[in-house]
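Participant: Here you go, my_file_33.txt (compact mmCIF, N, CA and C atoms):
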# COMPACT_ATOMS: atom_id res chain seq x y z
N MET A 16 4.02 -18.12 -94.16
CA MET A 16 3.28 -17.09 -93.45
C MET A 16 1.83 -17.08 -93.93
N MET A 17 0.93 -16.93 -92.97
CA MET A 17 -0.49 -16.80 -93.29
C MET A 17 -1.03 -15.54 -92.63
N ARG A 18 -2.05 -15.00 -93.26
CA ARG A 18 -2.77 -13.86 -92.69
C ARG A 18 -4.13 -14.40 -92.26
N LEU A 19 -4.45 -14.26 -90.96
CA LEU A 19 -5.61 -14.91 -90.37
C LEU A 19 -6.59 -13.90 -89.80
N LEU A 20 -7.88 -14.12 -90.05
CA LEU A 20 -8.94 -13.39 -89.37
C LEU A 20 -9.64 -14.40 -88.48
N LEU A 21 -9.70 -14.09 -87.19
CA LEU A 21 -10.27 -15.03 -86.23
C LEU A 21 -11.76 -14.79 -86.03
N ASP A 22 -12.53 -15.87 -86.05
CA ASP A 22 -13.95 -15.81 -85.73
C ASP A 22 -14.08 -15.42 -84.25
N THR A 23 -15.21 -14.85 -83.91
CA THR A 23 -15.42 -14.33 -82.55
C THR A 23 -15.21 -15.42 -81.50
N HIS A 24 -15.76 -16.60 -81.70
CA HIS A 24 -15.60 -17.64 -80.69
C HIS A 24 -14.15 -18.10 -80.57
N ILE A 25 -13.41 -18.09 -81.66
CA ILE A 25 -11.98 -18.44 -81.60
C ILE A 25 -11.23 -17.41 -80.76
N LEU A 26 -11.56 -16.14 -80.97
CA LEU A 26 -10.96 -15.08 -80.16
C LEU A 26 -11.26 -15.26 -78.68
N ILE A 27 -12.52 -15.52 -78.37
CA ILE A 27 -12.91 -15.72 -76.96
C ILE A 27 -12.13 -16.88 -76.37
N TRP A 28 -12.10 -18.00 -77.07
CA TRP A 28 -11.40 -19.19 -76.56
C TRP A 28 -9.91 -18.90 -76.39
N TYR A 29 -9.32 -18.17 -77.32
CA TYR A 29 -7.90 -17.85 -77.22
C TYR A 29 -7.63 -16.92 -76.03
N LEU A 30 -8.42 -15.87 -75.92
CA LEU A 30 -8.20 -14.88 -74.87
C LEU A 30 -8.46 -15.42 -73.47
N THR A 31 -9.37 -16.40 -73.36
CA THR A 31 -9.71 -16.96 -72.06
C THR A 31 -9.03 -18.31 -71.81
N GLU A 32 -8.16 -18.71 -72.74
CA GLU A 32 -7.44 -19.99 -72.64
C GLU A 32 -8.40 -21.15 -72.45
N ASP A 33 -9.48 -21.13 -73.21
CA ASP A 33 -10.52 -22.14 -73.14
C ASP A 33 -10.01 -23.44 -73.79
N ALA A 34 -10.31 -24.56 -73.15
CA ALA A 34 -9.85 -25.87 -73.64
C ALA A 34 -10.48 -26.25 -74.97
N ARG A 35 -11.55 -25.57 -75.38
CA ARG A 35 -12.18 -25.88 -76.67
C ARG A 35 -11.34 -25.41 -77.86
N LEU A 36 -10.38 -24.53 -77.62
CA LEU A 36 -9.51 -24.08 -78.71
C LEU A 36 -8.56 -25.21 -79.09
N SER A 37 -8.62 -25.62 -80.33
CA SER A 37 -7.78 -26.73 -80.78
C SER A 37 -6.30 -26.33 -80.77
N SER A 38 -5.45 -27.34 -80.69
CA SER A 38 -4.01 -27.07 -80.74
C SER A 38 -3.63 -26.51 -82.11
N THR A 39 -4.35 -26.91 -83.14
CA THR A 39 -4.10 -26.37 -84.48
C THR A 39 -4.33 -24.86 -84.50
N ALA A 40 -5.47 -24.44 -83.95
CA ALA A 40 -5.78 -23.01 -83.90
C ALA A 40 -4.77 -22.26 -83.04
N MET A 41 -4.44 -22.82 -81.90
CA MET A 41 -3.47 -22.18 -80.99
C MET A 41 -2.12 -22.00 -81.68
N ASN A 42 -1.67 -23.03 -82.38
CA ASN A 42 -0.39 -22.95 -83.07
C ASN A 42 -0.41 -21.90 -84.18
N LEU A 43 -1.52 -21.82 -84.92
CA LEU A 43 -1.63 -20.81 -85.98
C LEU A 43 -1.58 -19.39 -85.40
N ILE A 44 -2.30 -19.19 -84.31
CA ILE A 44 -2.36 -17.86 -83.69
C ILE A 44 -1.02 -17.47 -83.08
N ASP A 45 -0.38 -18.42 -82.44
CA ASP A 45 0.88 -18.14 -81.75
C ASP A 45 2.11 -18.13 -82.66
N ASP A 46 1.96 -18.58 -83.88
CA ASP A 46 3.10 -18.61 -84.81
C ASP A 46 3.48 -17.16 -85.17
N PRO A 47 4.67 -16.70 -84.80
CA PRO A 47 5.07 -15.32 -85.07
C PRO A 47 5.16 -14.98 -86.56
N ALA A 48 5.20 -15.99 -87.42
CA ALA A 48 5.25 -15.74 -88.85
C ALA A 48 3.88 -15.35 -89.41
N ASN A 49 2.83 -15.63 -88.66
CA ASN A 49 1.47 -15.32 -89.11
C ASN A 49 1.02 -13.95 -88.65
N GLU A 50 0.25 -13.27 -89.49
CA GLU A 50 -0.42 -12.03 -89.11
C GLU A 50 -1.83 -12.40 -88.67
N VAL A 51 -2.20 -11.96 -87.47
CA VAL A 51 -3.49 -12.34 -86.89
C VAL A 51 -4.33 -11.08 -86.65
N PHE A 52 -5.60 -11.15 -87.09
CA PHE A 52 -6.50 -10.00 -87.03
C PHE A 52 -7.80 -10.33 -86.32
N PHE A 53 -8.38 -9.28 -85.72
CA PHE A 53 -9.76 -9.34 -85.25
C PHE A 53 -10.52 -8.24 -85.98
N SER A 54 -11.82 -8.40 -86.04
CA SER A 54 -12.67 -7.44 -86.74
C SER A 54 -13.51 -6.64 -85.76
N PRO A 55 -13.81 -5.37 -86.09
CA PRO A 55 -14.75 -4.62 -85.26
C PRO A 55 -16.12 -5.29 -85.22
N ILE A 56 -16.40 -6.14 -86.19
CA ILE A 56 -17.65 -6.91 -86.18
C ILE A 56 -17.70 -7.81 -84.94
N SER A 57 -16.57 -8.41 -84.58
CA SER A 57 -16.52 -9.25 -83.38
C SER A 57 -16.73 -8.41 -82.12
N VAL A 58 -16.20 -7.20 -82.12
CA VAL A 58 -16.40 -6.31 -80.97
C VAL A 58 -17.90 -5.99 -80.84
N TRP A 59 -18.53 -5.71 -81.96
CA TRP A 59 -19.96 -5.42 -81.97
C TRP A 59 -20.77 -6.63 -81.49
N GLU A 60 -20.39 -7.82 -81.97
CA GLU A 60 -21.07 -9.05 -81.54
C GLU A 60 -20.95 -9.25 -80.03
N ILE A 61 -19.74 -9.06 -79.50
CA ILE A 61 -19.52 -9.21 -78.06
C ILE A 61 -20.34 -8.17 -77.29
N MET A 62 -20.34 -6.93 -77.78
CA MET A 62 -21.09 -5.86 -77.12
C MET A 62 -22.58 -6.24 -77.01
N LEU A 63 -23.16 -6.73 -78.10
CA LEU A 63 -24.57 -7.10 -78.10
C LEU A 63 -24.84 -8.31 -77.19
N LYS A 64 -23.96 -9.30 -77.26
CA LYS A 64 -24.15 -10.49 -76.42
C LYS A 64 -23.96 -10.19 -74.95
N HIS A 65 -23.00 -9.32 -74.63
CA HIS A 65 -22.79 -8.92 -73.23
C HIS A 65 -24.02 -8.17 -72.71
N ALA A 66 -24.57 -7.27 -73.52
CA ALA A 66 -25.75 -6.50 -73.09
C ALA A 66 -26.95 -7.42 -72.86
N ALA A 67 -27.11 -8.43 -73.70
CA ALA A 67 -28.25 -9.34 -73.59
C ALA A 67 -28.06 -10.41 -72.51
N HIS A 68 -26.82 -10.88 -72.34
CA HIS A 68 -26.54 -11.99 -71.42
C HIS A 68 -25.21 -11.78 -70.71
N PRO A 69 -25.13 -10.81 -69.80
CA PRO A 69 -23.85 -10.53 -69.14
C PRO A 69 -23.31 -11.72 -68.33
N ASP A 70 -24.19 -12.64 -67.93
CA ASP A 70 -23.70 -13.82 -67.20
C ASP A 70 -22.96 -14.78 -68.11
N ASN A 71 -23.32 -14.81 -69.40
CA ASN A 71 -22.68 -15.72 -70.36
C ASN A 71 -21.47 -15.08 -71.03
N VAL A 72 -21.52 -13.79 -71.27
CA VAL A 72 -20.41 -13.05 -71.90
C VAL A 72 -19.95 -12.03 -70.87
N SER A 73 -18.88 -12.35 -70.19
CA SER A 73 -18.48 -11.57 -69.02
C SER A 73 -17.79 -10.25 -69.33
N PHE A 74 -17.27 -10.09 -70.56
CA PHE A 74 -16.58 -8.83 -70.84
C PHE A 74 -17.36 -7.98 -71.83
N THR A 75 -17.14 -6.68 -71.73
CA THR A 75 -17.79 -5.72 -72.62
C THR A 75 -17.05 -5.70 -73.96
N GLY A 76 -17.63 -5.01 -74.92
CA GLY A 76 -16.97 -4.86 -76.21
C GLY A 76 -15.63 -4.18 -76.07
N LYS A 77 -15.56 -3.14 -75.25
CA LYS A 77 -14.29 -2.42 -75.04
C LYS A 77 -13.25 -3.32 -74.39
N GLN A 78 -13.65 -4.06 -73.36
CA GLN A 78 -12.71 -4.97 -72.71
C GLN A 78 -12.20 -6.02 -73.70
N PHE A 79 -13.10 -6.50 -74.53
CA PHE A 79 -12.75 -7.50 -75.55
C PHE A 79 -11.72 -6.93 -76.53
N ALA A 80 -12.00 -5.74 -77.06
CA ALA A 80 -11.07 -5.10 -78.00
C ALA A 80 -9.72 -4.85 -77.34
N ASP A 81 -9.75 -4.37 -76.10
CA ASP A 81 -8.51 -4.12 -75.37
C ASP A 81 -7.70 -5.41 -75.19
N LEU A 82 -8.39 -6.51 -74.88
CA LEU A 82 -7.71 -7.80 -74.72
C LEU A 82 -7.08 -8.27 -76.03
N CYS A 83 -7.81 -8.09 -77.13
CA CYS A 83 -7.27 -8.47 -78.45
C CYS A 83 -5.98 -7.70 -78.72
N ILE A 84 -6.04 -6.39 -78.54
CA ILE A 84 -4.88 -5.54 -78.82
C ILE A 84 -3.72 -5.89 -77.89
N ALA A 85 -4.01 -6.08 -76.61
CA ALA A 85 -2.96 -6.43 -75.64
C ALA A 85 -2.32 -7.78 -75.97
N SER A 86 -3.07 -8.65 -76.64
CA SER A 86 -2.55 -9.97 -77.02
C SER A 86 -1.80 -9.94 -78.34
N GLY A 87 -1.67 -8.76 -78.93
CA GLY A 87 -0.92 -8.62 -80.18
C GLY A 87 -1.73 -8.92 -81.43
N ILE A 88 -3.05 -8.96 -81.29
CA ILE A 88 -3.93 -9.22 -82.44
C ILE A 88 -4.29 -7.87 -83.04
N ALA A 89 -4.06 -7.72 -84.32
CA ALA A 89 -4.29 -6.44 -85.01
C ALA A 89 -5.75 -6.30 -85.41
N GLU A 90 -6.21 -5.07 -85.46
CA GLU A 90 -7.58 -4.80 -85.87
C GLU A 90 -7.65 -4.65 -87.39
N LEU A 91 -8.62 -5.33 -88.00
CA LEU A 91 -8.88 -5.22 -89.43
C LEU A 91 -9.98 -4.19 -89.63
N ASN A 92 -9.71 -3.17 -90.41
CA ASN A 92 -10.72 -2.15 -90.66
C ASN A 92 -11.87 -2.73 -91.47
N LEU A 93 -13.05 -2.16 -91.28
CA LEU A 93 -14.26 -2.57 -91.99
C LEU A 93 -14.59 -1.50 -93.02
N ASN A 94 -14.94 -1.92 -94.25
CA ASN A 94 -15.35 -0.95 -95.26
C ASN A 94 -16.49 -1.50 -96.11
N HIS A 95 -16.97 -0.68 -96.99
CA HIS A 95 -18.15 -1.06 -97.79
C HIS A 95 -17.88 -2.26 -98.70
N LYS A 96 -16.65 -2.49 -99.11
CA LYS A 96 -16.34 -3.65 -99.96
C LYS A 96 -16.63 -4.96 -99.23
N HIS A 97 -16.39 -4.95 -97.92
CA HIS A 97 -16.67 -6.14 -97.11
C HIS A 97 -18.17 -6.40 -97.07
N VAL A 98 -18.93 -5.33 -96.87
CA VAL A 98 -20.38 -5.46 -96.78
C VAL A 98 -20.95 -5.97 -98.11
N LEU A 99 -20.50 -5.40 -99.21
CA LEU A 99 -20.99 -5.81 -100.52
C LEU A 99 -20.60 -7.26 -100.83
N ALA A 100 -19.43 -7.67 -100.39
CA ALA A 100 -18.99 -9.05 -100.64
C ALA A 100 -19.85 -10.06 -99.88
N ALA A 101 -20.42 -9.66 -98.77
CA ALA A 101 -21.25 -10.58 -97.99
C ALA A 101 -22.47 -11.04 -98.78
N GLU A 102 -23.01 -10.18 -99.62
CA GLU A 102 -24.18 -10.60 -100.39
C GLU A 102 -23.80 -11.48 -101.59
N ARG A 103 -22.51 -11.56 -101.89
CA ARG A 103 -22.05 -12.40 -102.99
C ARG A 103 -21.50 -13.75 -102.54
N LEU A 104 -21.53 -14.02 -101.24
CA LEU A 104 -21.06 -15.33 -100.77
C LEU A 104 -21.94 -16.42 -101.35
N GLN A 105 -21.32 -17.46 -101.86
CA GLN A 105 -22.05 -18.58 -102.45
C GLN A 105 -22.21 -19.69 -101.42
N ARG A 106 -23.44 -20.09 -101.20
CA ARG A 106 -23.73 -21.18 -100.26
C ARG A 106 -24.24 -22.38 -101.04
N ASP A 107 -23.75 -23.54 -100.69
CA ASP A 107 -24.20 -24.78 -101.30
C ASP A 107 -25.72 -24.90 -101.09
N PRO A 108 -26.48 -25.08 -102.14
CA PRO A 108 -27.94 -25.15 -101.99
C PRO A 108 -28.41 -26.33 -101.13
N LEU A 109 -27.57 -27.33 -100.95
CA LEU A 109 -27.93 -28.48 -100.11
C LEU A 109 -27.56 -28.27 -98.64
N ALA A 110 -26.80 -27.22 -98.35
CA ALA A 110 -26.39 -26.95 -96.96
C ALA A 110 -27.56 -26.35 -96.19
N LYS A 111 -27.58 -26.61 -94.90
CA LYS A 111 -28.61 -26.01 -94.05
C LYS A 111 -28.50 -24.49 -94.11
N PRO A 112 -29.61 -23.79 -94.00
CA PRO A 112 -29.56 -22.32 -94.01
C PRO A 112 -28.69 -21.79 -92.87
N HIS A 113 -27.99 -20.74 -93.16
CA HIS A 113 -27.10 -20.10 -92.18
C HIS A 113 -27.51 -18.64 -92.08
N LYS A 114 -27.97 -18.23 -90.91
CA LYS A 114 -28.56 -16.90 -90.78
C LYS A 114 -27.75 -15.95 -89.90
N ASP A 115 -26.54 -16.34 -89.54
CA ASP A 115 -25.73 -15.51 -88.64
C ASP A 115 -25.06 -14.38 -89.43
N PRO A 116 -25.54 -13.13 -89.26
CA PRO A 116 -24.96 -12.03 -90.03
C PRO A 116 -23.52 -11.72 -89.64
N PHE A 117 -23.13 -11.99 -88.42
CA PHE A 117 -21.76 -11.75 -87.99
C PHE A 117 -20.80 -12.66 -88.77
N ASP A 118 -21.15 -13.94 -88.86
CA ASP A 118 -20.29 -14.87 -89.60
C ASP A 118 -20.19 -14.48 -91.06
N ARG A 119 -21.28 -14.07 -91.65
CA ARG A 119 -21.28 -13.71 -93.07
C ARG A 119 -20.34 -12.53 -93.35
N ILE A 120 -20.40 -11.51 -92.55
CA ILE A 120 -19.55 -10.34 -92.81
C ILE A 120 -18.08 -10.66 -92.49
N LEU A 121 -17.85 -11.46 -91.46
CA LEU A 121 -16.47 -11.86 -91.15
C LEU A 121 -15.88 -12.68 -92.30
N LEU A 122 -16.66 -13.61 -92.81
CA LEU A 122 -16.20 -14.42 -93.94
C LEU A 122 -15.95 -13.54 -95.16
N ALA A 123 -16.84 -12.59 -95.39
CA ALA A 123 -16.67 -11.66 -96.51
C ALA A 123 -15.41 -10.81 -96.34
N GLN A 124 -15.15 -10.34 -95.12
CA GLN A 124 -13.93 -9.57 -94.87
C GLN A 124 -12.70 -10.39 -95.22
N ALA A 125 -12.69 -11.63 -94.76
CA ALA A 125 -11.54 -12.50 -95.04
C ALA A 125 -11.37 -12.69 -96.54
N LYS A 126 -12.47 -12.90 -97.23
CA LYS A 126 -12.42 -13.12 -98.68
C LYS A 126 -11.86 -11.90 -99.40
N VAL A 127 -12.36 -10.72 -99.07
CA VAL A 127 -11.92 -9.49 -99.74
C VAL A 127 -10.45 -9.19 -99.45
N GLU A 128 -10.03 -9.41 -98.23
CA GLU A 128 -8.68 -9.05 -97.80
C GLU A 128 -7.66 -10.17 -97.98
N ASP A 129 -8.08 -11.27 -98.62
CA ASP A 129 -7.20 -12.41 -98.86
C ASP A 129 -6.61 -12.95 -97.56
N LEU A 130 -7.49 -13.12 -96.57
CA LEU A 130 -7.13 -13.69 -95.29
C LEU A 130 -7.75 -15.08 -95.18
N ARG A 131 -7.23 -15.89 -94.28
CA ARG A 131 -7.86 -17.17 -93.94
C ARG A 131 -8.75 -16.92 -92.73
N PHE A 132 -10.01 -17.30 -92.83
CA PHE A 132 -10.97 -17.10 -91.75
C PHE A 132 -10.97 -18.34 -90.86
N VAL A 133 -10.45 -18.20 -89.65
CA VAL A 133 -10.28 -19.31 -88.72
C VAL A 133 -11.54 -19.44 -87.87
N SER A 134 -12.23 -20.59 -88.01
CA SER A 134 -13.49 -20.80 -87.31
C SER A 134 -13.66 -22.27 -86.98
N HIS A 135 -14.50 -22.50 -85.98
CA HIS A 135 -14.87 -23.86 -85.59
C HIS A 135 -16.35 -24.10 -85.88
N ASP A 136 -17.00 -23.16 -86.53
CA ASP A 136 -18.44 -23.20 -86.78
C ASP A 136 -18.75 -24.24 -87.86
N ALA A 137 -19.54 -25.23 -87.50
CA ALA A 137 -19.88 -26.32 -88.42
C ALA A 137 -20.78 -25.86 -89.58
N MET A 138 -21.40 -24.70 -89.47
CA MET A 138 -22.27 -24.21 -90.54
C MET A 138 -21.50 -23.54 -91.68
N LEU A 139 -20.30 -23.07 -91.41
CA LEU A 139 -19.56 -22.28 -92.40
C LEU A 139 -19.08 -23.07 -93.62
N PRO A 140 -18.69 -24.34 -93.51
CA PRO A 140 -18.23 -25.03 -94.71
C PRO A 140 -19.27 -25.05 -95.85
N GLY A 141 -20.52 -24.84 -95.54
CA GLY A 141 -21.55 -24.78 -96.57
C GLY A 141 -21.34 -23.65 -97.56
N TYR A 142 -20.47 -22.71 -97.23
CA TYR A 142 -20.18 -21.61 -98.15
C TYR A 142 -19.16 -21.99 -99.23
N ASN A 143 -18.41 -23.05 -99.02
CA ASN A 143 -17.41 -23.47 -100.01
C ASN A 143 -16.47 -22.34 -100.41
N GLU A 144 -16.10 -21.51 -99.48
CA GLU A 144 -15.17 -20.41 -99.75
C GLU A 144 -13.75 -20.87 -99.41
N PRO A 145 -12.81 -20.69 -100.33
CA PRO A 145 -11.44 -21.16 -100.10
C PRO A 145 -10.74 -20.42 -98.94
N CYS A 146 -11.26 -19.28 -98.53
CA CYS A 146 -10.62 -18.54 -97.43
C CYS A 146 -10.95 -19.14 -96.07
N LEU A 147 -11.89 -20.07 -96.01
CA LEU A 147 -12.31 -20.66 -94.73
C LEU A 147 -11.29 -21.68 -94.27
N LEU A 148 -10.89 -21.57 -93.01
CA LEU A 148 -9.96 -22.50 -92.40
C LEU A 148 -10.62 -23.06 -91.14
N GLY A 149 -11.20 -24.23 -91.27
CA GLY A 149 -11.87 -24.87 -90.14
C GLY A 149 -10.88 -25.50 -89.20
N VAL A 150 -11.05 -25.23 -87.91
CA VAL A 150 -10.15 -25.80 -86.89
C VAL A 150 -10.94 -26.46 -85.79
Produce structure tokens that represent the structure in this file.

Facilitator:
Amino acid sequence: MMRLLLDTHILIWYLTEDARLSSTAMNLIDDPANEVFFSPISVWEIMLKHAAHPDNVSFTGKQFADLCIASGIAELNLNHKHVLAAERLQRDPLAKPHKDPFDRILLAQAKVEDLRFVSHDAMLPGYNEPCLLGV
């Protein structure tokens, strides 16, 4: 059994049955032995992206959260420990700079809560965090 926190793009691909979602990610999410979570950070990210580019992000934050819940994905609460952990993430000094605050807090949440952070983002391995699960 694994406890998984899904990156926002993984959630979008899963909820929309996008072909970019790897079979590895699909199997992890669909495995009933695994606990799968979404973060309110992803809802906030979707809300902002929908407001800025409704043609690219077709659903609102509320619709996104509702879809996650309807799909059996549990919500992970956000607290100050997650925020504080984000500033302690170690990035390889040779890795390209990574400035996405959503990814940083999601990775920090996974680290604090002992979850595996499921992502396809090529920038994240630069953090060398054992909680990262690239798919």

Participant: Counting only C-alpha atoms, which residues sit no farther than 7 Å from the position (-15.1, -8.2, -97.7) in the file's frame? I'd like them as a ChimeraX atom specification.

Facilitator: /A:96-101,120,123-128

Participant: Contacts of A:Ala110 at 10 Å or less, counting only C-alpha atoms, minus same-chain residues fewer than 6 places along, as an NGL selection string?

Facilitator: :A and (138-142)

Participant: From the list A:His24, A:Arg106, A:Arg35, A:His65, which residue is nearest A:Phe53 when using only C-alpha atoms?

Facilitator: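 Distance minimum relative to A:Phe53 lands on A:His24.
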
Participant: So the first atom is atom CA of A:Ala80 and the second is atom CA of A:Asp33; what is the distance between them in Å, to one decimal place?

Facilitator: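 Taking atom CA of A:Ala80 and atom CA of A:Asp33, their separation equals 17.7 Å.
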
Participant: Once you count only N, CA and C atoms, which residues end up no further than 7 Å from (-16.1, -21.0, -89.3) in the file's frame, shown as a PDB file with N, CA and C atoms, keeping the file's coordinate frame?

Facilitator:
ATOM      1  N   ASP A  22     -12.530 -15.870 -86.050  1.00  0.00           N
ATOM      2  CA  ASP A  22     -13.950 -15.810 -85.730  1.00  0.00           C
ATOM      3  C   ASP A  22     -14.080 -15.420 -84.250  1.00  0.00           C
ATOM      4  N   PHE A 132     -10.010 -17.300 -92.830  1.00  0.00           N
ATOM      5  CA  PHE A 132     -10.970 -17.100 -91.750  1.00  0.00           C
ATOM      6  C   PHE A 132     -10.970 -18.340 -90.860  1.00  0.00           C
ATOM      7  N   VAL A 133     -10.450 -18.200 -89.650  1.00  0.00           N
ATOM      8  CA  VAL A 133     -10.280 -19.310 -88.720  1.00  0.00           C
ATOM      9  C   VAL A 133     -11.540 -19.440 -87.870  1.00  0.00           C
ATOM     10  N   SER A 134     -12.230 -20.590 -88.010  1.00  0.00           N
ATOM     11  CA  SER A 134     -13.490 -20.800 -87.310  1.00  0.00           C
ATOM     12  C   SER A 134     -13.660 -22.270 -86.980  1.00  0.00           C
ATOM     13  N   HIS A 135     -14.500 -22.500 -85.980  1.00  0.00           N
ATOM     14  CA  HIS A 135     -14.870 -23.860 -85.590  1.00  0.00           C
ATOM     15  C   HIS A 135     -16.350 -24.100 -85.880  1.00  0.00           C
ATOM     16  N   ASP A 136     -17.000 -23.160 -86.530  1.00  0.00           N
ATOM     17  CA  ASP A 136     -18.440 -23.200 -86.780  1.00  0.00           C
ATOM     18  C   ASP A 136     -18.750 -24.240 -87.860  1.00  0.00           C
ATOM     19  N   ALA A 137     -19.540 -25.230 -87.500  1.00  0.00           N
ATOM     20  CA  ALA A 137     -19.880 -26.320 -88.420  1.00  0.00           C
ATOM     21  C   ALA A 137     -20.780 -25.860 -89.580  1.00  0.00           C
ATOM     22  N   MET A 138     -21.400 -24.700 -89.470  1.00  0.00           N
ATOM     23  CA  MET A 138     -22.270 -24.210 -90.540  1.00  0.00           C
ATOM     24  C   MET A 138     -21.500 -23.540 -91.680  1.00  0.00           C
ATOM     25  N   LEU A 139     -20.300 -23.070 -91.410  1.00  0.00           N
ATOM     26  CA  LEU A 139     -19.560 -22.280 -92.400  1.00  0.00           C
ATOM     27  C   LEU A 139     -19.080 -23.070 -93.620  1.00  0.00           C
ATOM     28  N   PRO A 140     -18.690 -24.340 -93.510  1.00  0.00           N
ATOM     29  CA  PRO A 140     -18.230 -25.030 -94.710  1.00  0.00           C
ATOM     30  C   PRO A 140     -19.270 -25.050 -95.850  1.00  0.00           C
ATOM     31  N   LEU A 147     -11.890 -20.070 -96.010  1.00  0.00           N
ATOM     32  CA  LEU A 147     -12.310 -20.660 -94.730  1.00  0.00           C
ATOM     33  C   LEU A 147     -11.290 -21.680 -94.270  1.00  0.00           C
ATOM     34  N   LEU A 148     -10.890 -21.570 -93.010  1.00  0.00           N
ATOM     35  CA  LEU A 148      -9.960 -22.500 -92.400  1.00  0.00           C
ATOM     36  C   LEU A 148     -10.620 -23.060 -91.140  1.00  0.00           C
ATOM     37  N   GLY A 149     -11.200 -24.230 -91.270  1.00  0.00           N
ATOM     38  CA  GLY A 149     -11.870 -24.870 -90.140  1.00  0.00           C
ATOM     39  C   GLY A 149     -10.880 -25.500 -89.200  1.00  0.00           C
ATOM     40  N   VAL A 150     -11.050 -25.230 -87.910  1.00  0.00           N
ATOM     41  CA  VAL A 150     -10.150 -25.800 -86.890  1.00  0.00           C
ATOM     42  C   VAL A 150     -10.940 -26.460 -85.790  1.00  0.00           C
TER      43      VAL A 150
END

Participant: To one decimal place, how far is atom C of A:Glu102 from atom N of A:Asp115 in Å?

Facilitator: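 Taking atom C of A:Glu102 as the start and atom N of A:Asp115 as the end point, the length is 13.3 Å.
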
Participant: Using all atoms listed in the file, can you tell me which of A:Val58, A:Pro112, A:Leu19, A:Leu30 comes closest to A:Arg131?

Facilitator: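 Smallest distance to A:Arg131 is found for A:Leu19.
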
Participant: Return the single residue from A:Asn42, A:Thr23, A:Asn49, A:Ser54 that is closest to A:Asp118, with distances computed using only N, CA and C atoms.

Facilitator: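 Ranking A:Asn42, A:Thr23, A:Asn49, A:Ser54 by distance to A:Asp118, first place goes to A:Thr23.
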
Participant: Write out as a list in words each polymer residue whose atoms come within 8 Å of stretch 83-90 of chain A, counting only N, CA and C atoms; drop sequence neighbours fewer than 4 positions from it.

Facilitator: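 With the cut-off at 8 Å, the set is Leu26, Leu30, Glu50, Val51, Phe52, Phe53, Ser54, Pro55, Lys77, Gln78 and Phe79 of chain A.
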
Participant: Restricting the calculation to only C-alpha atoms, which member of A:Ile56, A:Leu82, A:Met62, A:Ala48 is positioned closest to A:Leu122?

Facilitator: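 Looking at the shortest contact to A:Leu122, the residue is A:Ile56.
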